[in-house]
file final-v7.txt (compact mmCIF, C-alpha atoms)
# COMPACT_ATOMS: atom_id res chain seq x y z
CA MET H 18 0.00 0.00 0.00
CA THR H 19 2.70 2.47 0.97
CA ALA H 20 4.96 1.40 -1.86
CA GLU H 21 2.22 2.13 -4.36
CA GLN H 22 1.45 5.45 -2.70
CA THR H 23 5.03 6.60 -2.46
CA SER H 24 5.99 5.66 -5.97
CA GLU H 25 3.47 8.21 -7.24
CA PHE H 26 5.36 10.97 -5.48
CA ALA H 27 8.98 10.12 -6.19
CA PRO H 28 11.16 11.97 -6.82
CA ALA H 29 10.16 14.35 -4.05
CA THR H 30 10.99 17.89 -4.99
CA ALA H 31 9.26 20.99 -3.65
CA ASP H 32 7.18 21.22 -6.81
CA SER H 33 6.21 17.57 -6.88
CA ILE H 34 5.25 17.56 -3.19
CA ALA H 35 3.19 20.72 -3.56
CA ASP H 36 1.50 19.43 -6.72
CA ALA H 37 0.66 16.13 -5.07
CA LEU H 38 -0.74 17.91 -2.03
CA VAL H 39 -2.88 20.23 -4.13
CA GLY H 40 -4.16 17.11 -5.92
CA PHE H 41 -4.85 15.26 -2.67
CA LEU H 42 -6.61 18.25 -1.10
CA GLY H 43 -8.58 18.86 -4.30
CA GLN H 44 -9.80 15.29 -4.28
CA ARG H 45 -10.70 15.26 -0.59
CA LEU H 46 -12.02 18.81 -0.17
CA LYS H 47 -13.56 19.16 -3.62
CA THR H 48 -11.83 22.47 -4.18
CA LYS H 49 -8.55 23.71 -5.61
CA VAL H 50 -6.36 25.28 -2.95
CA ALA H 51 -3.59 27.81 -3.49
CA LEU H 52 -0.09 27.14 -2.14
CA ASP H 53 -0.35 29.89 0.46
CA GLN H 54 -4.03 29.46 1.30
CA GLU H 55 -4.75 29.17 5.03
CA LEU H 56 -6.51 25.82 5.29
CA PHE H 57 -7.73 26.00 8.88
CA LYS H 58 -8.84 29.60 9.28
CA SER H 59 -10.89 29.34 6.10
CA GLY H 60 -12.71 26.35 7.64
CA LEU H 61 -11.66 24.12 4.73
CA VAL H 62 -9.83 21.69 6.98
CA SER H 63 -11.22 20.28 10.23
CA SER H 64 -9.21 19.07 13.20
CA MET H 65 -9.97 15.48 12.17
CA PHE H 66 -8.73 16.03 8.64
CA ALA H 67 -5.56 17.62 10.03
CA MET H 68 -4.59 14.25 11.50
CA GLU H 69 -5.34 12.55 8.20
CA LEU H 70 -2.87 14.95 6.60
CA VAL H 71 -0.21 13.86 9.11
CA VAL H 72 -0.81 10.18 8.36
CA HIS H 73 -0.93 10.85 4.61
CA LEU H 74 2.39 12.70 4.56
CA GLU H 75 4.14 10.13 6.74
CA ALA H 76 3.00 7.22 4.58
CA SER H 77 3.61 9.00 1.28
CA TYR H 78 7.09 10.32 2.00
CA ASP H 79 8.51 7.78 4.44
CA ILE H 80 8.89 10.30 7.24
CA ALA H 81 7.93 10.43 10.92
CA ILE H 82 6.39 13.69 12.11
CA LEU H 83 7.22 13.76 15.81
CA GLY H 84 8.06 15.99 18.75
CA PRO H 85 8.12 19.73 18.08
CA GLU H 86 7.37 19.20 14.37
CA LEU H 87 3.93 17.80 15.22
CA LYS H 88 2.18 21.16 15.42
CA LEU H 89 -0.58 22.79 13.44
CA ASP H 90 1.67 25.56 12.10
CA ASN H 91 3.38 22.97 9.90
CA PHE H 92 0.06 22.10 8.25
CA ARG H 93 -1.58 25.48 7.76
CA THR H 94 -0.72 25.78 4.07
CA VAL H 95 0.46 23.56 1.24
CA GLY H 96 3.71 25.53 1.34
CA ALA H 97 4.23 24.82 5.05
CA MET H 98 3.59 21.10 4.55
CA THR H 99 5.97 21.00 1.59
CA SER H 100 8.73 22.61 3.67
CA LEU H 101 8.07 20.13 6.47
CA VAL H 102 8.39 17.13 4.16
CA LEU H 103 11.60 18.43 2.59
CA ARG H 104 13.08 19.26 6.01
CA LEU H 105 12.27 15.85 7.48
CA ARG H 106 13.42 13.92 4.42
CA GLU H 107 16.72 15.73 4.54
CA ALA H 108 17.09 15.17 8.28
CA GLU H 109 16.19 11.50 8.01
CA GLY H 110 18.43 10.97 4.99
CA VAL H 111 15.68 9.68 2.73
CA SER H 112 17.25 9.76 -0.69
CA ARG H 113 15.24 10.93 -3.63
CA GLY H 114 13.67 8.23 -5.71
CA SER H 115 14.01 5.57 -3.03
CA ALA H 116 10.75 6.35 -1.32
CA GLY H 117 9.02 3.30 -2.74
CA ALA H 118 11.30 0.90 -0.95
CA ASP H 119 9.99 1.34 2.54
CA GLY H 120 8.51 -1.63 4.35
CA MET K 3 -10.79 20.38 46.11
CA ALA K 4 -9.34 17.01 45.16
CA ASN K 5 -8.93 18.03 41.58
CA HIS K 6 -5.22 17.41 41.35
CA TYR K 7 -4.59 14.96 38.57
CA ALA K 8 -2.38 12.66 40.66
CA GLU K 9 -5.24 11.95 43.06
CA HIS K 10 -7.29 10.19 40.42
CA LEU K 11 -7.08 6.66 39.09
CA LEU K 12 -9.47 6.11 36.25
CA ALA K 13 -10.78 2.80 34.97
CA VAL K 14 -12.40 2.89 31.54
CA VAL K 15 -14.45 -0.15 30.58
CA GLY K 16 -14.85 -0.58 26.83
CA ALA K 17 -11.95 0.24 24.48
CA GLY K 18 -13.91 1.35 21.43
CA VAL K 19 -14.14 4.83 19.95
CA MET K 20 -15.26 6.54 23.16
CA GLY K 21 -13.23 4.40 25.56
CA THR K 22 -10.02 5.24 23.70
CA ASN K 23 -11.07 8.89 23.47
CA ILE K 24 -11.59 9.13 27.23
CA ALA K 25 -8.39 7.18 27.97
CA THR K 26 -6.48 9.59 25.71
CA LEU K 27 -7.99 12.59 27.46
CA ALA K 28 -7.08 11.21 30.88
CA VAL K 29 -3.50 10.12 30.25
CA SER K 30 -2.81 13.36 28.37
CA HIS K 31 -3.83 15.18 31.55
CA GLY K 32 -1.60 13.08 33.81
CA VAL K 33 -4.36 10.79 35.11
CA PRO K 34 -3.43 7.08 35.11
CA VAL K 35 -5.89 4.80 33.33
CA VAL K 36 -6.78 1.13 33.43
CA LEU K 37 -8.51 0.36 30.14
CA VAL K 38 -10.54 -2.85 30.17
CA ASP K 39 -12.03 -4.80 27.28
CA LEU K 40 -12.78 -8.39 26.39
CA SER K 41 -9.81 -9.40 24.26
CA ASP K 42 -6.09 -8.80 23.89
CA ASP K 43 -6.60 -8.05 20.20
CA VAL K 44 -9.01 -5.23 20.99
CA LEU K 45 -6.65 -3.87 23.65
CA SER K 46 -3.64 -4.06 21.37
CA LEU K 47 -5.53 -2.00 18.79
CA ALA K 48 -6.69 0.34 21.56
CA ARG K 49 -3.11 1.04 22.67
CA ARG K 50 -2.19 2.00 19.11
CA THR K 51 -5.33 4.10 18.84
CA VAL K 52 -4.60 5.97 22.07
CA ALA K 53 -1.03 6.62 20.88
CA GLN K 54 -2.38 8.05 17.63
CA LYS K 55 -5.00 10.14 19.44
CA LEU K 56 -2.28 11.52 21.72
CA ARG K 57 -0.47 12.64 18.55
CA HIS K 58 -3.70 14.23 17.36
CA ALA K 59 -4.05 16.05 20.68
CA GLN K 60 -0.46 17.29 20.39
CA LEU K 61 -1.03 18.42 16.81
CA MET K 62 -4.02 20.48 17.90
CA GLY K 63 -2.18 21.99 20.89
CA ALA K 64 -4.47 20.21 23.35
CA LEU K 65 -1.81 18.71 25.63
CA PRO K 66 -1.43 20.51 28.97
CA PRO K 67 2.19 21.66 29.28
CA ASP K 68 2.43 21.33 33.05
CA ARG K 69 2.32 17.60 33.76
CA PRO K 70 3.74 14.20 32.80
CA GLN K 71 1.59 11.79 30.86
CA GLY K 72 -0.43 9.35 32.96
CA GLU K 73 0.26 5.64 32.68
CA LEU K 74 -2.01 3.54 30.47
CA VAL K 75 -2.55 -0.05 31.60
CA THR K 76 -4.77 -2.37 29.58
CA SER K 77 -6.46 -5.47 30.93
CA VAL K 78 -8.98 -8.13 30.01
CA SER K 79 -9.93 -8.45 33.68
CA LEU K 80 -12.55 -6.18 35.18
CA ALA K 81 -11.00 -6.93 38.58
CA ASP K 82 -8.17 -4.56 37.61
CA ALA K 83 -10.69 -1.72 37.84
CA ALA K 84 -11.34 -2.42 41.52
CA ASP K 85 -8.96 0.20 42.92
CA ALA K 86 -10.03 3.02 40.64
CA THR K 87 -11.33 6.25 42.17
CA THR K 88 -13.72 6.53 39.23
CA VAL K 89 -14.91 3.93 36.74
CA ILE K 90 -16.26 5.06 33.38
CA GLU K 91 -18.43 2.61 31.52
CA ALA K 92 -18.09 3.07 27.74
CA VAL K 93 -19.35 -0.22 26.31
CA VAL K 94 -21.77 -0.57 23.39
CA GLU K 95 -25.09 1.27 23.53
CA VAL K 96 -27.10 -1.88 24.22
CA PRO K 97 -29.07 -1.72 27.49
CA GLU K 98 -28.51 -5.40 28.37
CA THR K 99 -24.74 -5.09 27.92
CA LYS K 100 -24.53 -1.86 29.92
CA ALA K 101 -26.64 -3.42 32.70
CA LYS K 102 -24.41 -6.50 32.90
CA VAL K 103 -21.17 -4.50 32.92
CA LEU K 104 -22.44 -1.96 35.46
CA ALA K 105 -23.63 -4.73 37.79
CA GLU K 106 -20.23 -6.43 37.60
CA ILE K 107 -18.33 -3.18 38.21
CA SER K 108 -20.62 -2.25 41.06
CA ALA K 109 -19.88 -5.54 42.82
CA LEU K 110 -16.11 -5.02 42.53
CA VAL K 111 -15.43 -1.44 43.55
CA ARG K 112 -15.52 0.34 46.90
CA PRO K 113 -18.88 1.82 47.93
CA ASP K 114 -17.55 5.37 47.47
CA THR K 115 -16.16 4.83 43.96
CA THR K 116 -17.83 7.09 41.43
CA LEU K 117 -19.49 5.18 38.60
CA ILE K 118 -19.86 7.12 35.38
CA SER K 119 -21.82 5.92 32.40
CA ASN K 120 -20.87 7.46 29.08
CA THR K 121 -24.20 6.31 27.64
CA SER K 122 -25.44 8.25 24.62
CA CYS K 123 -29.14 7.80 25.28
CA ILE K 124 -30.09 5.28 27.99
CA PRO K 125 -31.62 7.05 31.02
CA ILE K 126 -29.36 7.02 34.09
CA ASP K 127 -32.32 6.01 36.28
CA GLU K 128 -32.74 2.89 34.16
CA LEU K 129 -29.07 1.99 34.65
CA ALA K 130 -29.29 2.80 38.38
CA GLY K 131 -31.40 -0.32 38.83
CA TRP K 132 -28.33 -2.44 38.09
CA VAL K 133 -25.85 -1.02 40.59
CA THR K 134 -25.59 -1.56 44.34
CA HIS K 135 -25.03 2.14 45.13
CA PRO K 136 -27.22 4.15 42.75
CA ASP K 137 -26.25 7.37 44.54
CA ARG K 138 -22.71 6.92 43.13
CA LEU K 139 -23.92 6.60 39.53
CA VAL K 140 -23.93 9.59 37.21
CA GLY K 141 -23.99 10.15 33.47
CA VAL K 142 -21.14 12.00 31.83
CA HIS K 143 -21.51 12.30 28.09
CA PHE K 144 -18.06 12.97 26.69
CA MET K 145 -17.95 14.30 23.16
CA ASN K 146 -15.93 12.88 20.27
CA PRO K 147 -13.02 13.61 20.15
CA SER K 148 -13.05 13.95 23.94
CA TYR K 149 -9.49 15.31 24.07
CA LEU K 150 -10.38 18.27 21.84
CA ILE K 151 -13.89 19.23 22.95
CA LYS K 152 -13.92 20.98 26.30
CA MET K 153 -17.58 20.70 27.20
CA VAL K 154 -19.32 17.59 28.50
CA GLU K 155 -22.95 16.89 29.34
CA VAL K 156 -23.42 15.75 32.95
CA ILE K 157 -26.62 13.86 33.71
CA ARG K 158 -27.88 13.79 37.26
CA GLY K 159 -30.13 10.81 37.85
CA ALA K 160 -32.93 10.94 40.41
CA GLY K 161 -30.72 9.07 42.89
CA THR K 162 -27.35 10.71 42.08
CA SER K 163 -25.89 12.21 45.27
CA GLU K 164 -24.35 15.63 45.76
CA ALA K 165 -21.07 13.94 46.74
CA THR K 166 -21.03 12.13 43.39
CA LEU K 167 -21.54 15.38 41.51
CA GLU K 168 -18.68 16.92 43.48
CA SER K 169 -16.46 13.97 42.59
CA VAL K 170 -17.34 14.45 38.91
CA ASP K 171 -16.49 18.16 39.20
CA SER K 172 -13.10 17.23 40.62
CA LEU K 173 -12.39 14.74 37.85
CA LEU K 174 -13.50 17.14 35.12
CA ALA K 175 -11.29 19.85 36.60
CA ALA K 176 -8.30 17.48 36.50
CA LEU K 177 -9.16 16.66 32.88
CA GLY K 178 -9.55 20.32 31.94
CA ARG K 179 -13.21 19.84 30.93
CA ASP K 180 -16.27 21.91 31.71
CA GLY K 181 -19.60 20.27 32.46
CA LEU K 182 -23.19 21.43 32.19
CA VAL K 183 -25.57 19.49 34.42
CA ILE K 184 -29.02 18.37 33.26
CA ARG K 185 -31.75 16.11 34.59
CA ASP K 186 -32.31 12.61 33.32
CA SER K 187 -34.16 11.94 30.05
CA ALA K 188 -33.66 9.39 27.24
CA GLY K 189 -31.13 10.92 24.84
CA PHE K 190 -30.47 13.72 27.33
CA VAL K 191 -30.18 17.13 25.65
CA ILE K 192 -27.56 16.57 23.00
CA ASN K 193 -28.64 13.31 21.44
CA ARG K 194 -32.35 14.00 21.73
CA LEU K 195 -31.59 16.92 19.42
CA LEU K 196 -28.70 15.51 17.41
CA HIS K 197 -29.74 11.92 16.62
CA PRO K 198 -33.07 12.74 14.92
CA LEU K 199 -31.20 15.43 12.97
CA ILE K 200 -28.62 12.93 11.74
CA ASN K 201 -31.28 10.34 10.93
CA THR K 202 -33.26 12.93 8.97
CA ALA K 203 -30.10 14.03 7.15
CA ALA K 204 -29.54 10.39 6.14
CA MET K 205 -33.18 10.16 4.98
CA LEU K 206 -32.64 13.19 2.72
CA VAL K 207 -29.69 11.39 1.10
CA GLN K 208 -31.73 8.18 0.87
CA GLU K 209 -34.56 10.03 -0.90
CA GLY K 210 -32.12 11.59 -3.35
CA VAL K 211 -32.96 15.12 -2.24
CA ALA K 212 -29.28 15.95 -1.77
CA SER K 213 -25.92 14.19 -1.49
CA ALA K 214 -24.18 13.84 1.87
CA ASP K 215 -21.72 16.65 1.17
CA VAL K 216 -24.54 18.96 0.08
CA VAL K 217 -26.59 18.24 3.23
CA ASP K 218 -23.52 18.85 5.38
CA GLY K 219 -22.50 21.84 3.27
CA LEU K 220 -25.86 23.50 3.91
CA LEU K 221 -25.76 22.99 7.67
CA GLU K 222 -22.14 24.09 7.84
CA GLY K 223 -22.44 27.01 5.44
CA CYS K 224 -25.90 28.33 6.31
CA LEU K 225 -26.28 27.37 9.98
CA GLY K 226 -22.67 27.57 11.07
CA HIS K 227 -22.33 23.96 12.20
CA THR K 228 -18.63 23.14 12.56
CA THR K 229 -19.20 19.60 11.31
CA GLY K 230 -22.28 18.60 9.32
CA PRO K 231 -24.59 15.83 10.61
CA LEU K 232 -23.41 13.10 8.26
CA ARG K 233 -19.73 13.68 8.85
CA THR K 234 -20.62 13.68 12.56
CA ALA K 235 -22.38 10.34 12.00
CA ASP K 236 -19.19 8.93 10.48
CA LEU K 237 -17.26 10.15 13.49
CA ILE K 238 -19.70 8.58 15.97
CA GLY K 239 -19.74 5.27 14.09
CA LEU K 240 -22.88 4.28 12.21
CA ASP K 241 -23.34 1.07 14.22
CA ASN K 242 -23.31 3.04 17.49
CA LEU K 243 -25.64 5.58 15.96
CA VAL K 244 -28.17 2.89 14.98
CA ASP K 245 -27.99 1.39 18.49
CA SER K 246 -28.62 4.82 20.02
CA LEU K 247 -31.48 5.58 17.64
CA ASN K 248 -33.06 2.25 18.60
CA VAL K 249 -32.78 3.17 22.29
CA LEU K 250 -34.45 6.50 21.59
CA TYR K 251 -37.16 5.05 19.35
CA GLU K 252 -38.06 2.33 21.84
CA ARG K 253 -38.39 4.88 24.63
CA ARG K 254 -39.96 7.82 22.80
CA GLN K 255 -41.82 6.26 19.85
CA ASP K 256 -40.63 9.21 17.82
CA GLU K 257 -40.59 8.24 14.12
CA SER K 258 -37.69 10.59 13.42
CA CYS K 259 -35.61 8.27 15.64
CA ARG K 260 -36.41 5.06 13.74
CA PRO K 261 -33.09 4.28 11.97
CA CYS K 262 -33.57 4.88 8.24
CA GLU K 263 -32.82 2.21 5.65
CA LEU K 264 -29.70 3.93 4.33
CA LEU K 265 -28.12 3.86 7.80
CA LEU K 266 -29.09 0.23 8.30
CA SER K 267 -27.73 -0.80 4.90
CA LYS K 268 -24.39 0.90 5.56
CA VAL K 269 -24.11 -0.93 8.87
CA ARG K 270 -24.94 -4.25 7.17
CA ALA K 271 -22.21 -3.54 4.60
CA GLY K 272 -19.68 -2.82 7.36
CA ASP K 273 -19.33 0.81 6.27
CA LEU K 274 -19.34 2.16 9.82
CA GLY K 275 -17.74 5.57 9.25
CA GLN K 276 -14.30 6.90 9.98
CA LYS K 277 -13.24 3.89 12.05
CA THR K 278 -13.58 1.56 9.04
CA GLY K 279 -12.51 4.14 6.45
CA GLN K 280 -15.93 4.30 4.76
CA GLY K 281 -19.30 5.68 5.83
CA PHE K 282 -21.13 8.58 4.24
CA TYR K 283 -17.64 9.68 3.20
CA SER K 284 -14.48 7.85 2.22
CA TYR K 285 -11.43 8.29 4.43
CA GLY K 286 -8.03 7.85 2.86
CA ARG K 287 -6.72 5.77 5.70
CA VAL K 288 -8.12 4.59 8.97
CA VAL K 289 -6.78 7.29 11.25
CA SER K 290 -7.52 5.62 14.55
call {"tool": "encode", "arguments": {"input": "final-v7.txt", "output": "structure tokens"}}
result
Amino acid sequence: MTAEQTSEFAPATADSIADALVGFLGQRLKTKVALDQELFKSGLVSSMFAMELVVHLEASYDIAILGPELKLDNFRTVGAMTSLVLRLREAEGVSRGSAGADG
Amino acid sequence: MANHYAEHLLAVVGAGVMGTNIATLAVSHGVPVVLVDLSDDVLSLARRTVAQKLRHAQLMGALPPDRPQGELVTSVSLADAADATTVIEAVVEVPETKAKVLAEISALVRPDTTLISNTSCIPIDELAGWVTHPDRLVGVHFMNPSYLIKMVEVIRGAGTSEATLESVDSLLAALGRDGLVIRDSAGFVINRLLHPLINTAAMLVQEGVASADVVDGLLEGCLGHTTGPLRTADLIGLDNLVDSLNVLYERRQDESCRPCELLLSKVRAGDLGQKTGQGFYSYGRVVS
């Protein structure tokens, strides 16, 4: 399941992550969101969906969002989520294009 | 006031959606919890669920900064609830099951242990017939997700004592919740209003008047509901919702509480809402 999911997103660049997120949000929220659009203040995203976003990003990009990174500020916009994914992938040493190999 | 978190030991009986919600709320507020259910498989899933809900609470900034997390112990033995200062019953919304569990708990605990039922709809006075100290029984209707919603509905049965209400106040203070107290009535305030609304919303979808997202969109957009009735139904769990509607219908004979066919068919298909990944809406992954 994860392998199939991740392979769609590799290689993970800022553009590809943002595009995939816009696609995911469009599918789930039935609306196209802008990269800098505030998802929570606008009421587009509920507290329950926020946790789905965490799980989605972790499974899609082979990252663990823990400790001080697990805060709403990192999920307020597509841009913030993209930065989070890039930051964590770099920190965890996930090499580009190998995301499909997780177990 | 004995509202310091370390003075409480909570037993939660039933490790489903609400049991894990309440356990998450308690341990996140430093209160140790014994979580009891029938099988190790259920408890193993419950431990993972609580861990995930604690992450959700952290994400939403709902963890109190001033205390260590309480210990979570899981057990298949109700006897492990015997030393609790408060026992919360959160088993399925089936009167016979609640009666059996409450009778067993009542026989195990000290006479001054507070017994809370998290029943959605069954009158507290009905449940009081099954316990040895009905003065210690009280209804506390935690919302879902309990660790994010501050307000709870407190139901004072005819026999509930003042000391029991004070004990509930102390526990709610430790858990950072606020309670509003009402008198006993099937469905209480919230579900007597909410369940017929959800059932009617499902009927509108069943009749083809509007899709689920349109029904919810209207209540959210026009009436300011944070979460529409059908997404709320998915959150509650459609099986639990049908059980609660049956309790209400049997006691009130109100046709708007007779579970509609669409709800029943989804339950038969195993599409129980967020917990199974499919209800009125599809969920990408099972979050908890």
call {"tool": "atom_distance", "arguments": {"input": "final-v7.txt", "atom1": "atom CA of K:Pro66", "atom2": "atom CA of H:Leu56"}}
result
24.8 Å
call {"tool": "interface_residues", "arguments": {"input": "final-v7.txt", "of": "chain H", "to": "chain K", "cutoff": "9 Å", "atoms": "only C-alpha atoms", "output": "number ranges by chain"}}
result
H: 45, 60, 63-65, 67-69, 71-73, 83-84, 86-90
call {"tool": "axis_aligned_box", "arguments": {"input": "final-v7.txt", "around": "stretch 63-69 of chain H", "padding_each_side": "8 Å", "output": "JSON"}}
result
{"center_x": -7.9, "center_y": 16.4, "center_z": 10.7, "size_x": 22.6, "size_y": 23.7, "size_z": 21.0}
call {"tool": "atom_distance", "arguments": {"input": "final-v7.txt", "atom1": "atom CA of K:Ala8", "atom2": "atom CA of K:Thr162"}}
result
25.1 Å
call {"tool": "atom_distance", "arguments": {"input": "final-v7.txt", "atom1": "atom CA of H:Glu75", "atom2": "atom CA of K:Glu73"}}
result
26.6 Å
call {"tool": "closest_residue", "arguments": {"input": "final-v7.txt", "among": "H:Ala31, H:Leu74, H:Ile82, H:Leu46", "to": "H:Gly96", "atoms": "only C-alpha atoms"}}
result
H:Ala31
call {"tool": "closest_residue", "arguments": {"input": "final-v7.txt", "among": "K:Ile238, K:Phe190, K:Glu128, K:Val111", "to": "K:His143", "atoms": "only C-alpha atoms"}}
result
K:Phe190
call {"tool": "decode", "arguments": {"input": "final-v7.txt", "residues": "stretch 30-64 of chain H", "atoms": "C-alpha atoms", "output": "PDB file, in the first residue's frame"}}
result
ATOM      1  CA  THR H  30      10.995  17.894  -4.991  1.00  0.00           C
ATOM      2  CA  ALA H  31       9.262  20.991  -3.650  1.00  0.00           C
ATOM      3  CA  ASP H  32       7.184  21.218  -6.812  1.00  0.00           C
ATOM      4  CA  SER H  33       6.210  17.570  -6.878  1.00  0.00           C
ATOM      5  CA  ILE H  34       5.251  17.556  -3.189  1.00  0.00           C
ATOM      6  CA  ALA H  35       3.192  20.722  -3.556  1.00  0.00           C
ATOM      7  CA  ASP H  36       1.496  19.430  -6.724  1.00  0.00           C
ATOM      8  CA  ALA H  37       0.661  16.129  -5.074  1.00  0.00           C
ATOM      9  CA  LEU H  38      -0.740  17.915  -2.026  1.00  0.00           C
ATOM     10  CA  VAL H  39      -2.881  20.226  -4.135  1.00  0.00           C
ATOM     11  CA  GLY H  40      -4.160  17.112  -5.925  1.00  0.00           C
ATOM     12  CA  PHE H  41      -4.847  15.256  -2.666  1.00  0.00           C
ATOM     13  CA  LEU H  42      -6.608  18.248  -1.102  1.00  0.00           C
ATOM     14  CA  GLY H  43      -8.581  18.862  -4.299  1.00  0.00           C
ATOM     15  CA  GLN H  44      -9.797  15.291  -4.285  1.00  0.00           C
ATOM     16  CA  ARG H  45     -10.704  15.263  -0.590  1.00  0.00           C
ATOM     17  CA  LEU H  46     -12.016  18.806  -0.165  1.00  0.00           C
ATOM     18  CA  LYS H  47     -13.560  19.160  -3.623  1.00  0.00           C
ATOM     19  CA  THR H  48     -11.833  22.472  -4.184  1.00  0.00           C
ATOM     20  CA  LYS H  49      -8.548  23.710  -5.608  1.00  0.00           C
ATOM     21  CA  VAL H  50      -6.357  25.278  -2.949  1.00  0.00           C
ATOM     22  CA  ALA H  51      -3.594  27.810  -3.490  1.00  0.00           C
ATOM     23  CA  LEU H  52      -0.093  27.143  -2.141  1.00  0.00           C
ATOM     24  CA  ASP H  53      -0.347  29.893   0.458  1.00  0.00           C
ATOM     25  CA  GLN H  54      -4.029  29.464   1.297  1.00  0.00           C
ATOM     26  CA  GLU H  55      -4.754  29.169   5.031  1.00  0.00           C
ATOM     27  CA  LEU H  56      -6.515  25.819   5.292  1.00  0.00           C
ATOM     28  CA  PHE H  57      -7.728  25.995   8.884  1.00  0.00           C
ATOM     29  CA  LYS H  58      -8.844  29.603   9.280  1.00  0.00           C
ATOM     30  CA  SER H  59     -10.885  29.337   6.102  1.00  0.00           C
ATOM     31  CA  GLY H  60     -12.710  26.355   7.636  1.00  0.00           C
ATOM     32  CA  LEU H  61     -11.656  24.115   4.733  1.00  0.00           C
ATOM     33  CA  VAL H  62      -9.831  21.690   6.980  1.00  0.00           C
ATOM     34  CA  SER H  63     -11.218  20.283  10.225  1.00  0.00           C
ATOM     35  CA  SER H  64      -9.210  19.072  13.200  1.00  0.00           C
TER      36      SER H  64
END
